[in-house]
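Shown next: coords-v1.cif, containing mmCIF, C-alpha atoms.
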```cif
data_model
#
loop_
_atom_site.label_atom_id
_atom_site.label_comp_id
_atom_site.auth_asym_id
_atom_site.auth_seq_id
_atom_site.Cartn_x
_atom_site.Cartn_y
_atom_site.Cartn_z
CA MET A 11 -70.22 -72.68 104.88
CA HIS A 12 -67.39 -73.09 102.43
CA PRO A 13 -64.16 -73.98 104.33
CA GLY A 14 -62.34 -71.05 102.75
CA LEU A 15 -64.93 -68.59 104.13
CA ARG A 16 -64.87 -69.70 107.78
CA PHE A 17 -62.12 -67.25 108.66
CA ILE A 18 -64.17 -64.15 107.60
CA PRO A 19 -66.30 -63.85 110.79
CA MET A 20 -63.17 -64.32 112.90
CA LEU A 21 -61.31 -61.66 110.90
CA ALA A 22 -64.22 -59.22 111.22
CA LEU A 23 -64.37 -59.80 114.98
CA GLY A 24 -60.62 -59.30 115.29
CA LEU A 25 -60.69 -56.03 113.37
CA SER A 26 -63.64 -54.80 115.43
CA LEU A 27 -61.90 -55.50 118.73
CA ARG A 28 -58.71 -53.92 117.45
CA ALA A 29 -60.57 -50.79 116.36
CA GLN A 30 -62.06 -50.49 119.85
CA GLU A 31 -58.58 -50.60 121.34
CA ALA A 32 -57.13 -48.01 118.93
CA PRO A 33 -56.80 -44.39 120.07
CA GLU A 34 -59.38 -41.93 118.78
CA LEU A 35 -58.66 -40.84 115.23
CA ASP A 36 -57.11 -37.39 114.79
CA PRO A 37 -57.85 -36.01 111.28
CA GLY A 38 -54.50 -34.22 111.25
CA VAL A 39 -53.83 -32.00 108.25
CA ALA A 40 -55.89 -31.51 105.10
CA PRO A 41 -54.41 -33.17 101.97
CA THR A 42 -54.13 -29.86 100.08
CA ARG A 43 -52.53 -30.49 96.69
CA GLU A 44 -52.00 -28.12 93.76
CA LEU A 45 -53.98 -29.07 90.63
CA PHE A 46 -52.38 -26.74 88.09
CA PRO A 47 -51.63 -28.99 85.05
CA LEU A 48 -47.86 -28.47 85.06
CA GLN A 49 -47.80 -29.18 88.81
CA LEU A 50 -49.22 -32.64 88.16
CA VAL A 51 -45.94 -33.75 86.56
CA PRO A 52 -43.37 -33.42 89.39
CA LEU A 53 -43.52 -34.21 93.09
CA THR A 54 -45.32 -31.31 94.77
CA TYR A 55 -45.77 -30.51 98.46
CA GLN A 56 -48.76 -32.06 100.18
CA PRO A 57 -49.07 -31.81 103.99
CA LEU A 58 -48.70 -35.03 105.99
CA SER A 59 -50.14 -35.81 109.41
CA PRO A 60 -47.30 -35.83 111.97
CA LYS A 61 -48.97 -38.28 114.38
CA PRO A 62 -47.89 -41.94 114.02
CA LEU A 63 -50.62 -44.58 113.87
CA GLY A 64 -48.95 -47.08 116.17
CA THR A 65 -47.32 -50.43 115.48
CA GLY A 66 -49.40 -52.57 113.14
CA ARG A 67 -52.18 -49.99 112.68
CA TRP A 68 -53.51 -49.16 109.21
CA GLN A 69 -55.18 -46.07 107.76
CA VAL A 70 -56.82 -45.91 104.33
CA ALA A 71 -58.04 -42.69 102.72
CA LEU A 72 -59.68 -41.98 99.37
CA HIS A 73 -59.80 -38.34 98.21
CA SER A 74 -61.21 -36.86 95.03
CA ALA A 75 -60.63 -33.21 94.02
CA ARG A 76 -61.98 -31.35 90.98
CA GLY A 77 -60.09 -28.18 90.05
CA ASN A 78 -61.00 -25.55 87.48
CA VAL A 79 -58.05 -24.11 85.57
CA PHE A 80 -58.27 -20.94 83.48
CA GLU A 81 -54.77 -19.47 83.27
CA PHE A 82 -52.72 -17.88 80.50
CA SER A 83 -49.77 -15.61 79.79
CA ASP A 84 -50.29 -11.93 80.58
CA ALA A 85 -49.23 -11.04 77.03
CA ILE A 86 -52.33 -12.73 75.62
CA LYS A 87 -54.42 -10.00 77.26
CA ASN A 88 -52.88 -7.54 74.79
CA GLY A 89 -54.28 -9.53 71.88
CA PRO A 90 -57.37 -11.20 73.31
CA PRO A 91 -59.56 -13.63 71.39
CA ARG A 92 -62.45 -11.78 69.77
CA ASP A 93 -65.52 -12.83 67.84
CA LEU A 94 -68.39 -10.44 67.12
CA GLN A 95 -70.74 -13.42 66.84
CA GLY A 96 -70.12 -14.57 70.42
CA ARG A 97 -67.80 -16.81 72.39
CA ILE A 98 -65.11 -18.55 70.38
CA GLN A 99 -63.70 -22.05 70.44
CA LEU A 100 -59.91 -21.97 70.81
CA THR A 101 -59.03 -24.73 68.37
CA ARG A 102 -55.64 -25.81 67.06
CA ALA A 103 -56.39 -23.80 63.90
CA TYR A 104 -57.01 -20.68 66.02
CA TRP A 105 -53.67 -20.93 67.82
CA THR A 106 -51.80 -21.80 64.64
CA GLN A 107 -53.22 -18.65 63.10
CA HIS A 108 -52.56 -16.39 66.09
CA ALA A 109 -49.27 -17.74 67.44
CA GLY A 110 -47.54 -15.19 65.21
CA ASP A 111 -48.96 -12.46 67.45
CA TYR A 112 -46.44 -13.52 70.10
CA THR A 113 -43.22 -13.86 68.10
CA GLN A 114 -41.43 -11.65 70.65
CA LEU A 115 -42.03 -14.16 73.46
CA PRO A 116 -39.85 -17.19 74.12
CA PHE A 117 -42.87 -18.74 75.83
CA ALA A 118 -46.64 -18.21 75.96
CA PHE A 119 -49.37 -20.51 77.23
CA TRP A 120 -53.12 -21.02 77.62
CA PHE A 121 -54.69 -23.57 80.02
CA ASP A 122 -58.46 -23.99 80.04
CA GLU A 123 -59.59 -27.31 81.48
CA GLU A 124 -60.81 -29.10 84.59
CA ILE A 125 -58.74 -31.61 86.53
CA LEU A 126 -60.26 -34.48 88.47
CA ARG A 127 -57.64 -36.11 90.70
CA THR A 128 -58.55 -39.13 92.84
CA THR A 129 -55.96 -40.36 95.33
CA LEU A 130 -55.75 -43.55 97.36
CA GLU A 131 -53.47 -43.28 100.39
CA VAL A 132 -52.53 -46.29 102.49
CA ARG A 133 -50.54 -45.71 105.67
CA THR A 134 -49.29 -48.20 108.24
CA GLY A 135 -47.40 -48.07 111.50
CA LEU A 136 -44.00 -49.73 111.20
CA GLY A 137 -43.28 -49.00 114.86
CA ALA A 138 -44.41 -46.85 117.74
CA ARG A 139 -42.92 -43.71 116.15
CA THR A 140 -42.61 -44.51 112.44
CA ASP A 141 -45.20 -44.83 109.64
CA ALA A 142 -44.85 -45.75 105.98
CA PHE A 143 -47.30 -44.60 103.31
CA LEU A 144 -48.18 -45.03 99.66
CA GLN A 145 -50.11 -42.48 97.58
CA TRP A 146 -51.43 -43.47 94.17
CA ALA A 147 -53.58 -41.14 92.08
CA TRP A 148 -55.62 -41.18 88.90
CA VAL A 149 -56.20 -37.99 86.92
CA SER A 150 -58.75 -36.94 84.29
CA HIS A 151 -58.42 -33.85 82.07
CA THR A 152 -61.75 -32.63 80.65
CA GLY A 153 -63.67 -29.49 79.78
CA GLY A 154 -65.69 -30.01 82.94
CA ALA A 155 -68.86 -28.21 83.96
CA LEU A 156 -67.85 -25.49 86.45
CA ASP A 157 -67.31 -22.51 84.13
CA SER A 158 -70.85 -21.12 84.32
CA THR A 159 -70.91 -21.58 88.11
CA ILE A 160 -67.67 -19.63 88.46
CA GLU A 161 -68.91 -16.85 86.17
CA ARG A 162 -72.08 -16.46 88.25
CA PHE A 163 -70.01 -16.49 91.46
CA HIS A 164 -67.72 -13.74 90.15
CA ALA A 165 -70.70 -11.71 88.97
CA GLY A 166 -72.32 -12.03 92.38
CA LEU A 167 -69.19 -10.63 94.04
CA GLY A 168 -69.05 -7.74 91.60
CA PHE A 169 -65.91 -8.61 89.66
CA ARG A 170 -65.06 -10.60 86.56
CA GLN A 171 -62.08 -12.70 85.59
CA TRP A 172 -60.70 -11.46 82.29
CA GLY A 173 -61.31 -13.74 79.34
CA ARG A 174 -63.95 -16.09 80.73
CA ASP A 175 -66.79 -14.35 78.88
CA LEU A 176 -64.82 -14.28 75.61
CA VAL A 177 -64.35 -18.01 75.08
CA ALA A 178 -66.68 -21.00 74.99
CA ARG A 179 -67.58 -22.51 78.34
CA ASN A 180 -66.38 -25.93 79.45
CA GLN A 181 -63.82 -26.40 76.71
CA LEU A 182 -60.55 -28.29 77.00
CA VAL A 183 -57.66 -26.33 75.50
CA VAL A 184 -53.98 -26.61 76.43
CA ALA A 185 -51.68 -24.58 74.18
CA MET A 186 -48.04 -23.54 74.46
CA MET A 187 -46.11 -21.34 72.04
CA SER A 188 -42.54 -20.19 71.49
CA GLN A 189 -41.33 -17.46 69.14
CA GLY A 190 -44.60 -17.48 67.22
CA GLN A 191 -44.82 -21.27 66.84
CA VAL A 192 -47.24 -23.65 68.54
CA THR A 193 -45.02 -26.11 70.45
CA PHE A 194 -47.79 -28.07 72.16
CA PHE A 195 -51.55 -28.31 71.76
CA SER A 196 -54.15 -30.67 73.19
CA ASP A 197 -57.93 -30.68 73.26
CA ASP A 198 -58.31 -34.43 73.82
CA PRO A 199 -59.87 -35.54 77.12
CA ILE A 200 -57.82 -37.83 79.35
CA LYS A 201 -59.81 -40.23 81.52
CA ARG A 202 -58.56 -41.85 84.74
CA LYS A 203 -54.89 -41.87 83.84
CA PRO A 204 -52.65 -43.35 86.60
CA GLN A 205 -50.05 -41.00 88.06
CA ASP A 206 -46.62 -41.70 89.52
CA PRO A 207 -46.90 -43.25 93.00
CA VAL A 208 -45.42 -41.48 96.03
CA LEU A 209 -43.69 -43.57 98.72
CA GLY A 210 -42.70 -42.13 102.06
CA LEU A 211 -42.01 -42.26 105.78
CA VAL A 212 -43.16 -40.20 108.77
CA HIS A 213 -40.97 -40.45 111.89
CA GLN A 214 -41.92 -38.73 115.13
CA LEU A 215 -39.03 -36.75 116.60
CA PHE A 216 -40.78 -35.86 119.86
CA SER A 217 -44.27 -35.43 121.30
CA GLY A 218 -45.89 -34.17 124.46
CA SER A 219 -49.34 -33.62 125.90
CA GLN A 220 -49.92 -30.52 123.77
CA GLY A 221 -47.88 -31.03 120.62
CA GLY A 222 -45.19 -32.78 118.67
CA LEU A 223 -42.96 -32.73 115.60
CA SER A 224 -42.20 -35.35 112.95
CA LEU A 225 -39.73 -35.79 110.12
CA THR A 226 -41.24 -36.57 106.70
CA ALA A 227 -39.53 -38.01 103.62
CA SER A 228 -40.89 -39.20 100.27
CA VAL A 229 -39.83 -40.21 96.77
CA LYS A 230 -41.69 -40.29 93.44
CA PRO A 231 -40.36 -42.63 90.73
CA PRO A 232 -40.93 -41.44 87.12
CA LEU A 233 -43.29 -44.07 85.71
CA THR A 234 -45.80 -42.01 83.68
CA ARG A 235 -45.99 -39.06 81.29
CA THR A 236 -48.44 -36.15 81.46
CA TYR A 237 -50.08 -35.45 78.08
CA ASN A 238 -47.78 -38.29 76.90
CA VAL A 239 -44.98 -35.70 76.74
CA TYR A 240 -43.82 -34.47 80.16
CA GLN A 241 -42.05 -36.89 82.50
CA SER A 242 -40.27 -35.93 85.71
CA GLY A 243 -37.13 -37.47 87.18
CA TRP A 244 -36.67 -39.22 90.52
CA ASP A 245 -38.05 -36.47 92.75
CA THR A 246 -37.38 -36.55 96.50
CA GLN A 247 -38.74 -34.53 99.40
CA VAL A 248 -37.80 -34.04 103.06
CA GLY A 249 -39.57 -31.89 105.62
CA LEU A 250 -41.10 -31.39 109.05
CA SER A 251 -44.71 -31.59 110.22
CA GLY A 252 -46.12 -30.76 113.64
CA TRP A 253 -49.16 -29.94 115.75
CA TRP A 254 -49.94 -27.84 118.81
CA ASP A 255 -53.10 -28.13 120.93
CA PHE A 256 -52.81 -24.55 122.13
CA ALA A 257 -56.29 -24.31 123.70
CA ARG A 258 -59.15 -26.59 124.62
CA GLY A 259 -60.86 -27.66 121.40
CA HIS A 260 -58.36 -25.89 119.15
CA GLN A 261 -55.45 -27.40 117.24
CA LEU A 262 -52.76 -25.72 115.17
CA THR A 263 -50.98 -27.75 112.48
CA PHE A 264 -47.89 -26.65 110.60
CA GLY A 265 -45.13 -27.97 108.38
CA GLY A 266 -42.82 -27.43 105.46
CA ALA A 267 -40.60 -29.33 103.07
CA TYR A 268 -37.86 -29.04 100.47
CA THR A 269 -38.41 -30.91 97.21
CA HIS A 270 -35.54 -31.82 94.88
CA ARG A 271 -36.66 -32.23 91.27
CA ALA A 272 -34.34 -34.28 89.10
CA ALA A 273 -34.01 -33.97 85.32
CA GLY A 274 -36.80 -35.50 83.29
CA SER A 275 -37.82 -35.77 79.64
CA PRO A 276 -36.63 -33.16 77.08
CA ALA A 277 -40.04 -31.46 77.04
CA TYR A 278 -40.01 -31.42 80.87
CA GLY A 279 -36.62 -29.70 80.77
CA GLN A 280 -37.92 -26.96 78.48
CA ILE A 281 -40.43 -25.90 81.15
CA GLY A 282 -37.48 -25.26 83.45
CA TYR A 283 -38.67 -27.09 86.55
CA ARG A 284 -36.69 -26.31 89.69
CA ASP A 285 -36.57 -27.36 93.34
CA GLU A 286 -39.39 -26.27 95.62
CA LEU A 287 -39.81 -24.85 99.10
CA ALA A 288 -43.29 -25.09 100.58
CA GLY A 289 -45.22 -24.98 103.82
CA HIS A 290 -48.64 -24.98 105.43
CA LEU A 291 -50.39 -23.60 108.52
CA GLY A 292 -53.77 -24.89 109.67
CA LEU A 293 -56.31 -24.30 112.41
CA ARG A 294 -58.92 -26.89 113.42
CA TRP A 295 -61.83 -26.45 115.79
CA ARG A 296 -62.57 -29.58 117.87
CA THR A 297 -65.30 -28.20 120.13
CA LYS A 298 -67.73 -30.69 118.55
CA LYS A 299 -66.92 -34.39 118.15
CA VAL A 300 -69.02 -35.00 115.04
CA LEU A 301 -68.37 -31.85 112.94
CA GLN A 302 -64.90 -30.28 113.02
CA PRO A 303 -64.25 -27.32 110.67
CA TYR A 304 -60.77 -26.17 109.70
CA LEU A 305 -58.88 -23.58 107.71
CA GLN A 306 -55.50 -24.37 106.16
CA LEU A 307 -53.16 -22.04 104.26
CA GLN A 308 -50.47 -23.30 101.90
CA VAL A 309 -47.63 -21.56 100.09
CA LEU A 310 -45.39 -22.98 97.35
CA SER A 311 -42.33 -21.38 95.82
CA GLY A 312 -42.35 -20.96 92.05
CA PHE A 313 -42.05 -24.36 90.38
CA ALA A 314 -39.99 -23.27 87.34
CA ARG A 315 -37.24 -20.84 86.43
CA ARG A 316 -38.09 -17.34 85.27
CA ILE A 317 -39.23 -17.36 81.63
CA GLU A 318 -40.38 -14.26 79.77
CA GLY A 319 -44.07 -14.74 79.05
CA ALA A 320 -44.83 -16.87 82.14
CA THR A 321 -45.11 -16.44 85.91
CA PHE A 322 -44.18 -19.97 86.95
CA HIS A 323 -41.27 -18.57 88.98
CA ARG A 324 -43.59 -16.74 91.40
CA PRO A 325 -44.86 -18.29 94.65
CA SER A 326 -48.45 -19.47 94.94
CA PHE A 327 -50.73 -19.05 97.94
CA THR A 328 -53.97 -21.00 98.48
CA HIS A 329 -56.50 -21.59 101.22
CA ASP A 330 -58.23 -24.87 102.02
CA LEU A 331 -61.50 -24.42 103.92
CA GLY A 332 -63.20 -27.61 105.00
CA LEU A 333 -65.17 -29.73 107.41
CA HIS A 334 -64.48 -33.16 108.95
CA TRP A 335 -67.64 -35.17 109.58
CA PHE A 336 -67.09 -38.12 111.90
CA TRP A 337 -69.23 -41.17 111.12
CA SER A 338 -67.59 -43.12 113.94
CA PRO A 339 -64.53 -42.69 116.18
CA ARG A 340 -62.46 -44.37 113.44
CA THR A 341 -64.03 -43.07 110.21
CA PHE A 342 -64.72 -39.57 108.92
CA ALA A 343 -65.56 -37.77 105.70
CA THR A 344 -63.96 -34.48 104.61
CA PHE A 345 -65.50 -31.76 102.44
CA ARG A 346 -63.14 -29.06 101.16
CA TYR A 347 -63.08 -25.84 99.12
CA VAL A 348 -59.65 -24.77 97.86
CA ASN A 349 -59.10 -21.33 96.34
CA ASN A 350 -56.19 -19.55 94.69
CA ILE A 351 -55.28 -16.36 96.57
CA SER A 352 -52.10 -15.28 94.78
CA HIS A 353 -53.45 -15.25 91.17
CA ASN A 354 -49.99 -15.64 89.62
CA GLU A 355 -51.19 -17.77 86.67
CA ASN A 356 -49.46 -20.80 88.20
CA THR A 357 -52.24 -22.39 90.26
CA ALA A 358 -55.66 -23.90 89.71
CA ASP A 359 -58.31 -21.20 90.14
CA MET A 360 -60.40 -23.20 92.59
CA ALA A 361 -61.23 -26.77 93.56
CA PHE A 362 -63.88 -28.78 95.40
CA ALA A 363 -62.90 -32.02 97.12
CA VAL A 364 -64.40 -34.85 99.16
CA GLY A 365 -62.74 -37.74 100.95
CA VAL A 366 -63.23 -40.63 103.36
CA THR A 367 -60.66 -41.84 105.88
CA THR A 368 -60.81 -44.91 108.10
CA ARG A 369 -58.40 -46.56 110.51
CA PHE A 370 -58.14 -50.12 111.80
#
```

So, in terms of structure tokens, how does the structure I just supplied come out?
Amino acid sequence: MHPGLRFIPMLALGLSLRAQEAPELDPGVAPTRELFPLQLVPLTYQPLSPKPLGTGRWQVALHSARGNVFEFSDAIKNGPPRDLQGRIQLTRAYWTQHAGDYTQLPFAFWFDEEILRTTLEVRTGLGARTDAFLQWAWVSHTGGALDSTIERFHAGLGFRQWGRDLVARNQLVVAMMSQGQVTFFSDDPIKRKPQDPVLGLVHQLFSGSQGGLSLTASVKPPLTRTYNVYQSGWDTQVGLSGWWDFARGHQLTFGGAYTHRAAGSPAYGQIGYRDELAGHLGLRWRTKKVLQPYLQLQVLSGFARRIEGATFHRPSFTHDLGLHWFWSPRTFATFRYVNNISHNENTADMAFAVGVTTRF
């Protein structure tokens, strides 16, 4: 054996023994995260597990979520896209021609795309009560392939979402207008673009046999631009996260945070981003060790100031319904379905997500 490789069996044995000594892994909260395109720019609330790992412990998670976005200004419903020959492609030429229909509005928008966001989270125990974490994501913007599935789902439930049957399926169109002029347009796919990292701490304030509460804090440095135009400032967030084992096999998780959003690029400022208040409430069933379902609700305050022609100032409300599948006491997979409940044209319509988490 090469001298440089002799340490590998010893390292594997050490990690195995350490894993056996570690306490059983608690999945904690679901990593619910808004996928609306303009919410990908700033720091946005994402629940954090309140339970510390323990000194020297590590946890690594990889999550991938695909969200379908079909949102637009209410005013566009008064002058909908029409084509007697069938569904139309909303090209730059189309919006240049029709932007004049909205000269009375200081702002109008159309988002039709799919977002694939993959996040690596590494968390380590700095002490018995304090963890540090790093989140780093990559995002792709494409036309996707979920439009026909969503149309069939809506038809099966007996209702339709206005506009989906008027435009071409699986297209990528992002358009924004002001006073009858197109101010931004993109139909170019973006593949695996790195996002700003998020650095943070989780510090346990107190814990008991049935519950506990932790302080959370994070910061996002402005290193990237979304659509090569929108860049946030140095966003910071502080909040609380807790759990309560209120009955045998049942766990309640909860939390909330305040996010301060600093000034960013000129285009970012025109959207009118503002500070955010957010929270979550989750219920997990632990009656089975291998399969543990959960339901988590999340609410976010409006992410931007009130602008005529948009509803970004309204709160959003989503549910995250999922299942944790334990492969071992230290590793589990998560399957999630996230859906927009509020329908305020400021959230992704729906998302599917998978993830794997392991601890050592």

### Task
Evaluate the PyMOL selection byres ((chain A and resi 132) around 12) here and jot the selected residues down as a ChimeraX atom specification.
/A:63,67-73,129-131,133-135,141-147,207-211,367-370

### Query
With all atoms listed in the file as the atoms that count, which of A:Gly77, A:Gly289, A:Gly259, A:Gly190 lies nearest to Tyr347 in chain A?
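The shortest atom-to-atom distance to Tyr347 in chain A comes from A:Gly77.
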
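Pairwise distance (CA of Leu115 in chain A, CA of Ile351 in chain A) equals 26.7 Å.
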
#### Entry: Close residues, Gly282 in chain A itself excluded, 12 Å, only C-alpha atoms, min 6 positions apart in chain, as a list in words
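Close residues of Gly282 in chain A: Leu48, Pro52, Phe117, Tyr240, Ser242, Arg271, Ala272, Ala273, Gly274, Ser275, Pro276, Gly312, Phe313, Ala314, Arg315, Arg316, Ile317, Glu318, Ala320, Thr321, Phe322 and His323 of chain A.
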
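Using only C-alpha atoms, the nearest neighbour of Trp337 in chain A within the list A:Leu100, A:Phe46, A:Gln302, A:Lys230 is A:Gln302.
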
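Once the PyMOL selection byres ((chain A and resi 183) around 8) is applied to this file, the selection holds Leu100, Thr101, Trp120, Phe121, Asp122, Glu123, Gln181, Leu182, Val184, Ala185, Phe195, Ser196 and Asp197 of chain A.
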
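Distance annotation: of A:Asn78, A:Thr106, A:Thr54, A:Thr42, the residue with the minimal separation from Gln306 in chain A is A:Thr42; atom set is only C-alpha atoms.
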
Could you tell me, as a JSON list (two decimals) with C-alpha atoms, keeping the file's coordinate frame, exactly which residues end up selected when the PyMOL selection byres ((chain A and resi 269) around 6) is applied to this structure?
```json
[["chain", "number", "residue", "atom", "x", "y", "z"],
["A", 246, "THR", "CA", -37.38, -36.55, 96.50],
["A", 247, "GLN", "CA", -38.74, -34.53, 99.40],
["A", 268, "TYR", "CA", -37.86, -29.04, 100.47],
["A", 270, "HIS", "CA", -35.54, -31.82, 94.88],
["A", 285, "ASP", "CA", -36.57, -27.36, 93.34],
["A", 286, "GLU", "CA", -39.39, -26.27, 95.62]]
```

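One finds CA of Ser188 in chain A at 6.4 Å from CA of Ala118 in chain A.
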
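Minimum distance to Leu58 in chain A across A:Phe264, A:Tyr283, A:Tyr112, A:Tyr104 (counting all atoms listed in the file) occurs at A:Phe264.
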
#### Entry: Atomic distance CA of Gly38 in chain A - CA of Thr140 in chain A, expressed in Å with one decimal
15.8 Å

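Non-sequential neighbours of Gly221 in chain A (distance at most 6 Å, separation of 2 or more positions within a chain, all atoms listed in the file) are A:Ser217, A:Gly218, A:Trp253, A:Trp254, A:Asp255.
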
### Message
Given all atoms listed in the file as the basis, pick out the residue of A:Ser59, A:Gln191, A:Thr344, A:Gln220 nearest to His260 in chain A.
### Response
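Nearest to His260 in chain A: A:Gln220.
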